[in-house]
Amino acid sequence: MKFFIDTANLDDIRDLAATGLLDGVTTNPSLVAKTGRGFLEVVEEITRIVDGPVSAECVATDHETMLKEGEKLAAIAPNIAVKVPLTVDGLRTCKALSTQGVMVNVTLCFSPAQALLAAKAGAAFISPFVGRLDDIGQDGMALIAEICQIYANYDFDTEVLVASVRGPQHVITAAKLGADVATVPPNVLRQLFNHPLTDKGLAAFLADWDKTGQSIL
Ligand code: G3P
């Protein structure tokens, strides 16, 4: 399973890239707005920190303008994945960009039918938002199971990128279902490392080691 982080915060991206466990980054207009910096410059900096796919989202809603935005974003670096919304115009743009060889991440997916259309439009990634479905009393992870089944039935190359992740349990369930990628907020990625018994065990080992008076180096 690949781990992307869902942020435009460069400090977090640098910090987590240093673990060697980061496979990509996703951004959206809300996350970029939080940085208070210029969109194109932030995205370009991220592509220099991370080798894997960096999602940058179009903001136009009509196909012609969205395509121009997508081409401009794709020209920033070869590892840009242009993000388009799951609308008719978004999928037209997805088809056009993917035909040009550009990676496209289709975002704001909330149904298996939408995910099927995105795969047919040549998306490199489909982004179902599990947390936002849970927030309205629906089952986000059930959507992931349905999409994984549909994509497997037809051997689609589109990767299932679980988005709107709220905690480690979403990541574990997504992994059990065989989702290709989870994009997680930086705090959730950090939480994945932790277990209280690891901390307790390490403290006990180190206390016993101190008593020996030895050193390895
Ligand atoms: O970037 C897309 C998605 O992960 C947003 O998540 O937390 O705003 O629902 P959230």
# chains A, B, ... in the order shown; residues from 1 in each chain; ligands from 1
$ residues_near_ligand --ligand "ligand 1" --cutoff "8 Å" --atoms "only C-alpha atoms and all ligand atoms" --output "MDAnalysis selection string"
chainID A and resid 6:7 26:28 30:31 107:108 127 129:132 162:166 183:185
$ write_last_selection --atoms "all heavy atoms" --output "compact mmCIF listing (two decimals), in the first residue's frame"
# COMPACT_ATOMS: atom_id res chain seq x y z
N ASP A 6 -1.78 14.28 2.76
CA ASP A 6 -2.81 15.20 2.28
C ASP A 6 -2.56 16.55 2.95
O ASP A 6 -3.16 16.87 3.97
CB ASP A 6 -4.17 14.61 2.71
CG ASP A 6 -5.34 15.15 1.92
OD1 ASP A 6 -5.14 15.56 0.77
OD2 ASP A 6 -6.47 15.14 2.46
N THR A 7 -1.65 17.31 2.37
CA THR A 7 -1.27 18.60 2.95
C THR A 7 -0.48 19.40 1.93
O THR A 7 0.09 18.83 1.00
CB THR A 7 -0.40 18.41 4.21
OG1 THR A 7 -0.16 19.70 4.80
CG2 THR A 7 0.95 17.77 3.91
N THR A 26 -0.95 14.75 -1.78
CA THR A 26 -2.16 15.31 -2.41
C THR A 26 -2.42 16.68 -1.79
O THR A 26 -2.22 16.88 -0.59
CB THR A 26 -3.40 14.40 -2.20
OG1 THR A 26 -3.54 14.11 -0.81
CG2 THR A 26 -3.29 13.12 -2.99
N THR A 27 -2.85 17.60 -2.65
CA THR A 27 -3.25 18.92 -2.15
C THR A 27 -4.66 19.19 -2.69
O THR A 27 -5.12 18.49 -3.60
CB THR A 27 -2.31 20.04 -2.64
OG1 THR A 27 -2.46 20.19 -4.07
CG2 THR A 27 -0.86 19.74 -2.31
N ASN A 28 -5.30 20.16 -2.12
CA ASN A 28 -6.56 20.64 -2.69
C ASN A 28 -6.59 22.15 -2.43
O ASN A 28 -5.73 22.67 -1.69
CB ASN A 28 -7.77 19.89 -2.10
CG ASN A 28 -7.95 20.08 -0.61
OD1 ASN A 28 -7.73 21.17 -0.09
ND2 ASN A 28 -8.35 19.03 0.09
N SER A 30 -8.33 24.03 -0.59
CA SER A 30 -8.45 24.42 0.82
C SER A 30 -7.10 24.27 1.52
O SER A 30 -6.71 25.13 2.34
CB SER A 30 -9.48 23.55 1.53
OG SER A 30 -10.70 23.56 0.83
N LEU A 31 -6.38 23.20 1.24
CA LEU A 31 -5.08 22.97 1.88
C LEU A 31 -4.05 24.00 1.43
O LEU A 31 -3.24 24.47 2.23
CB LEU A 31 -4.57 21.55 1.57
CG LEU A 31 -5.39 20.40 2.16
CD1 LEU A 31 -4.95 19.05 1.58
CD2 LEU A 31 -5.28 20.37 3.68
N THR A 107 -11.22 13.62 -8.23
CA THR A 107 -11.51 13.85 -6.81
C THR A 107 -13.01 14.05 -6.57
O THR A 107 -13.79 14.15 -7.51
CB THR A 107 -10.68 15.05 -6.32
OG1 THR A 107 -10.82 15.15 -4.89
CG2 THR A 107 -11.12 16.36 -6.93
N LEU A 108 -13.36 14.07 -5.28
CA LEU A 108 -14.76 14.27 -4.87
C LEU A 108 -15.64 13.13 -5.38
O LEU A 108 -16.74 13.36 -5.90
CB LEU A 108 -15.28 15.63 -5.33
CG LEU A 108 -14.66 16.84 -4.60
CD1 LEU A 108 -14.94 18.14 -5.34
CD2 LEU A 108 -15.15 16.93 -3.16
N SER A 127 -10.31 9.27 -6.20
CA SER A 127 -10.26 9.66 -4.79
C SER A 127 -11.65 9.64 -4.15
O SER A 127 -12.38 10.64 -4.18
CB SER A 127 -9.68 11.07 -4.64
OG SER A 127 -8.31 11.07 -4.94
N PHE A 129 -13.95 9.91 -0.95
CA PHE A 129 -13.78 10.65 0.32
C PHE A 129 -14.51 9.88 1.43
O PHE A 129 -15.71 10.09 1.66
CB PHE A 129 -14.38 12.04 0.19
CG PHE A 129 -13.51 13.07 -0.49
CD1 PHE A 129 -12.55 12.71 -1.43
CD2 PHE A 129 -13.65 14.43 -0.19
CE1 PHE A 129 -11.75 13.66 -2.05
CE2 PHE A 129 -12.86 15.39 -0.80
CZ PHE A 129 -11.91 15.01 -1.74
N VAL A 130 -13.79 9.04 2.14
CA VAL A 130 -14.46 8.19 3.14
C VAL A 130 -14.97 8.98 4.35
O VAL A 130 -16.07 8.75 4.83
CB VAL A 130 -13.57 7.01 3.58
CG1 VAL A 130 -13.35 6.04 2.43
CG2 VAL A 130 -12.24 7.46 4.14
N GLY A 131 -14.16 9.89 4.85
CA GLY A 131 -14.54 10.62 6.06
C GLY A 131 -15.79 11.46 5.86
O GLY A 131 -16.64 11.54 6.74
N ARG A 132 -15.88 12.10 4.68
CA ARG A 132 -17.06 12.95 4.45
C ARG A 132 -18.33 12.12 4.33
O ARG A 132 -19.42 12.60 4.65
CB ARG A 132 -16.84 13.84 3.23
CG ARG A 132 -15.74 14.87 3.46
CD ARG A 132 -15.71 15.95 2.42
NE ARG A 132 -14.45 16.69 2.51
CZ ARG A 132 -14.15 17.76 1.80
NH1 ARG A 132 -15.01 18.24 0.92
NH2 ARG A 132 -12.98 18.36 1.96
N VAL A 162 -7.61 6.26 -1.26
CA VAL A 162 -8.58 6.54 -0.19
C VAL A 162 -8.29 7.92 0.40
O VAL A 162 -7.18 8.17 0.91
CB VAL A 162 -8.51 5.44 0.89
CG1 VAL A 162 -9.50 5.73 2.01
CG2 VAL A 162 -8.78 4.08 0.26
N ALA A 163 -9.27 8.82 0.30
CA ALA A 163 -9.08 10.21 0.73
C ALA A 163 -10.07 10.57 1.83
O ALA A 163 -10.98 9.80 2.14
CB ALA A 163 -9.25 11.14 -0.46
N SER A 164 -9.86 11.74 2.42
CA SER A 164 -10.69 12.21 3.54
C SER A 164 -10.58 11.21 4.70
O SER A 164 -11.58 10.84 5.31
CB SER A 164 -12.14 12.39 3.06
OG SER A 164 -12.95 12.96 4.05
N VAL A 165 -9.34 10.82 4.95
CA VAL A 165 -9.05 9.85 6.02
C VAL A 165 -9.02 10.58 7.35
O VAL A 165 -8.42 11.64 7.48
CB VAL A 165 -7.68 9.18 5.72
CG1 VAL A 165 -7.13 8.48 6.94
CG2 VAL A 165 -7.83 8.21 4.54
N ARG A 166 -9.70 10.00 8.35
CA ARG A 166 -9.81 10.67 9.65
C ARG A 166 -8.93 10.07 10.73
O ARG A 166 -8.71 10.70 11.76
CB ARG A 166 -11.26 10.61 10.13
CG ARG A 166 -12.26 11.28 9.20
CD ARG A 166 -12.23 12.80 9.36
NE ARG A 166 -13.37 13.40 8.69
CZ ARG A 166 -13.30 14.07 7.55
NH1 ARG A 166 -12.13 14.24 6.94
NH2 ARG A 166 -14.38 14.59 7.00
N THR A 183 -4.32 8.51 1.26
CA THR A 183 -3.74 9.83 1.48
C THR A 183 -4.21 10.31 2.84
O THR A 183 -5.42 10.34 3.13
CB THR A 183 -4.05 10.84 0.36
OG1 THR A 183 -3.25 12.01 0.61
CG2 THR A 183 -5.52 11.22 0.24
N VAL A 184 -3.25 10.59 3.71
CA VAL A 184 -3.58 10.81 5.12
C VAL A 184 -3.06 12.16 5.59
O VAL A 184 -1.99 12.60 5.15
CB VAL A 184 -3.00 9.68 5.99
CG1 VAL A 184 -3.62 8.35 5.63
CG2 VAL A 184 -1.50 9.58 5.88
N PRO A 185 -3.78 12.82 6.48
CA PRO A 185 -3.24 14.04 7.07
C PRO A 185 -1.95 13.70 7.82
O PRO A 185 -1.81 12.58 8.33
CB PRO A 185 -4.34 14.50 8.03
CG PRO A 185 -5.58 13.77 7.62
CD PRO A 185 -5.11 12.48 7.01
$ closest_atom_pairs --of "range 83-187 of chain A" --to "range 57-60 of chain A" --cutoff "10 Å" --atoms "only C-alpha atoms" --output "Markdown table"
| residue | atom | partner | partner_atom | distance |
| --- | --- | --- | --- | --- |
| A:Lys83 | CA | A:Glu57 | CA | 4.2 |
| A:Val84 | CA | A:Cys58 | CA | 5.8 |
| A:Pro85 | CA | A:Cys58 | CA | 8.1 |
| A:Asp89 | CA | A:Ala60 | CA | 9.5 |
| A:Gly90 | CA | A:Cys58 | CA | 9.2 |
| A:Val104 | CA | A:Glu57 | CA | 9.6 |
| A:Asn105 | CA | A:Glu57 | CA | 8.6 |
| A:Val106 | CA | A:Glu57 | CA | 9.4 |
| A:Thr107 | CA | A:Glu57 | CA | 8.8 |
$ closest_residue --among "A:Leu116, A:Ala8, A:Ala33, A:Leu177" --to "Ile144 in chain A" --atoms "only C-alpha atoms"
A:Leu177
$ select_by_dssp --residues "range 135-212 of chain A" --states "strand (DSSP E)" --output "ChimeraX atom specification"
/A:159-162,181-184
$ atom_distance --atom1 "CA of Pro186 in chain A" --atom2 "CA of Pro53 in chain A"
16.6 Å
$ atom_distance --atom1 "CA of Lys200 in chain A" --atom2 "CA of Arg14 in chain A"
28.5 Å
$ residues_around --residues "Ala123 in chain A" --least-positions-apart "4" --cutoff "8 Å" --atoms "only C-alpha atoms" --output "list in words"
Cys94, Lys95, Ser98, Met103, Val104, Asn105, Val106, Ala118, Ala119 and Thr158 of chain A
$ residues_around --residues "Arg92 in chain A" --least-positions-apart "3" --cutoff "9 Å" --atoms "only C-alpha atoms" --output "mmCIF file with N, CA, C and O atoms, in the first residue's frame"
data_model
loop_
_atom_site.group_PDB
_atom_site.id
_atom_site.type_symbol
_atom_site.label_atom_id
_atom_site.label_comp_id
_atom_site.auth_asym_id
_atom_site.auth_seq_id
_atom_site.Cartn_x
_atom_site.Cartn_y
_atom_site.Cartn_z
ATOM 1 N N HIS A 63 -14.883 22.529 -19.117
ATOM 2 C CA HIS A 63 -13.854 21.661 -19.697
ATOM 3 C C HIS A 63 -12.696 22.433 -20.334
ATOM 4 O O HIS A 63 -11.525 22.129 -20.079
ATOM 5 N N LEU A 67 -8.984 22.199 -18.885
ATOM 6 C CA LEU A 67 -7.920 21.552 -19.665
ATOM 7 C C LEU A 67 -6.686 22.449 -19.723
ATOM 8 O O LEU A 67 -5.552 21.981 -19.539
ATOM 9 N N THR A 87 -17.128 15.551 -12.271
ATOM 10 C CA THR A 87 -18.260 16.165 -12.977
ATOM 11 C C THR A 87 -18.116 15.758 -14.442
ATOM 12 O O THR A 87 -17.074 15.192 -14.826
ATOM 13 N N VAL A 88 -19.101 16.067 -15.241
ATOM 14 C CA VAL A 88 -19.006 15.745 -16.677
ATOM 15 C C VAL A 88 -17.790 16.455 -17.276
ATOM 16 O O VAL A 88 -16.964 15.861 -17.977
ATOM 17 N N ASP A 89 -17.644 17.741 -16.958
ATOM 18 C CA ASP A 89 -16.494 18.487 -17.494
ATOM 19 C C ASP A 89 -15.177 17.954 -16.931
ATOM 20 O O ASP A 89 -14.169 17.903 -17.642
ATOM 21 N N LYS A 95 -10.155 12.562 -19.515
ATOM 22 C CA LYS A 95 -9.926 11.771 -20.741
ATOM 23 C C LYS A 95 -8.878 12.469 -21.613
ATOM 24 O O LYS A 95 -7.945 11.829 -22.113
ATOM 25 N N ALA A 96 -9.042 13.790 -21.793
ATOM 26 C CA ALA A 96 -8.120 14.528 -22.674
ATOM 27 C C ALA A 96 -6.701 14.514 -22.116
ATOM 28 O O ALA A 96 -5.734 14.258 -22.848
ATOM 29 N N LEU A 97 -6.564 14.755 -20.818
ATOM 30 C CA LEU A 97 -5.215 14.810 -20.226
ATOM 31 C C LEU A 97 -4.580 13.417 -20.185
ATOM 32 O O LEU A 97 -3.387 13.262 -20.473
ATOM 33 N N ALA A 121 -12.613 6.934 -17.997
ATOM 34 C CA ALA A 121 -12.026 8.174 -18.521
ATOM 35 C C ALA A 121 -10.496 8.169 -18.427
ATOM 36 O O ALA A 121 -9.855 9.152 -18.760
#
$ closest_residue --among "A:Thr99, A:Thr35, A:Ser55, A:Thr61" --to "Leu10 in chain A" --atoms "only C-alpha atoms"
A:Thr35
$ decode --residues "range 190-205 of chain A" --atoms "N, CA, C and O atoms" --output "tab-separated table (two decimals), in the first residue's frame"
chain	number	residue	atom	x	y	z
A	190	ARG	N	1.63	10.14	11.40
A	190	ARG	CA	2.48	10.03	12.61
A	190	ARG	C	1.86	9.05	13.61
A	190	ARG	O	2.58	8.29	14.26
A	191	GLN	N	0.53	9.07	13.71
A	191	GLN	CA	-0.14	8.15	14.65
A	191	GLN	C	0.11	6.68	14.29
A	191	GLN	O	0.10	5.82	15.16
A	192	LEU	N	0.33	6.40	13.00
A	192	LEU	CA	0.51	5.00	12.58
A	192	LEU	C	1.74	4.37	13.21
A	192	LEU	O	1.82	3.16	13.36
A	193	PHE	N	2.72	5.20	13.57
A	193	PHE	CA	3.96	4.67	14.16
A	193	PHE	C	3.78	4.23	15.62
A	193	PHE	O	4.58	3.46	16.13
A	194	ASN	N	2.76	4.77	16.27
A	194	ASN	CA	2.72	4.69	17.74
A	194	ASN	C	1.96	3.51	18.30
A	194	ASN	O	0.91	3.11	17.79
A	195	HIS	N	2.52	2.97	19.40
A	195	HIS	CA	1.76	2.04	20.25
A	195	HIS	C	2.32	2.19	21.66
A	195	HIS	O	3.55	2.20	21.84
A	196	PRO	N	1.45	2.29	22.69
A	196	PRO	CA	1.96	2.50	24.05
A	196	PRO	C	2.88	1.37	24.52
A	196	PRO	O	3.82	1.61	25.29
A	197	LEU	N	2.63	0.15	24.04
A	197	LEU	CA	3.50	-0.96	24.48
A	197	LEU	C	4.89	-0.86	23.85
A	197	LEU	O	5.87	-1.36	24.43
A	198	THR	N	4.99	-0.22	22.70
A	198	THR	CA	6.32	0.02	22.11
A	198	THR	C	7.10	0.98	23.00
A	198	THR	O	8.27	0.73	23.33
A	199	ASP	N	6.43	2.06	23.43
A	199	ASP	CA	7.10	3.05	24.29
A	199	ASP	C	7.51	2.43	25.62
A	199	ASP	O	8.62	2.61	26.11
A	200	LYS	N	6.57	1.65	26.20
A	200	LYS	CA	6.83	1.04	27.51
A	200	LYS	C	7.98	0.02	27.40
A	200	LYS	O	8.90	-0.01	28.22
A	201	GLY	N	7.94	-0.79	26.36
A	201	GLY	CA	8.96	-1.81	26.16
A	201	GLY	C	10.33	-1.20	25.94
A	201	GLY	O	11.34	-1.66	26.48
A	202	LEU	N	10.36	-0.13	25.15
A	202	LEU	CA	11.65	0.52	24.85
A	202	LEU	C	12.23	1.13	26.13
A	202	LEU	O	13.44	1.00	26.39
A	203	ALA	N	11.37	1.77	26.93
A	203	ALA	CA	11.86	2.38	28.18
A	203	ALA	C	12.47	1.30	29.08
A	203	ALA	O	13.53	1.51	29.70
A	204	ALA	N	11.83	0.13	29.15
A	204	ALA	CA	12.33	-0.95	30.02
A	204	ALA	C	13.66	-1.49	29.48
A	204	ALA	O	14.61	-1.71	30.25
A	205	PHE	N	13.76	-1.67	28.16
A	205	PHE	CA	15.02	-2.16	27.58
A	205	PHE	C	16.16	-1.19	27.88
A	205	PHE	O	17.28	-1.59	28.24
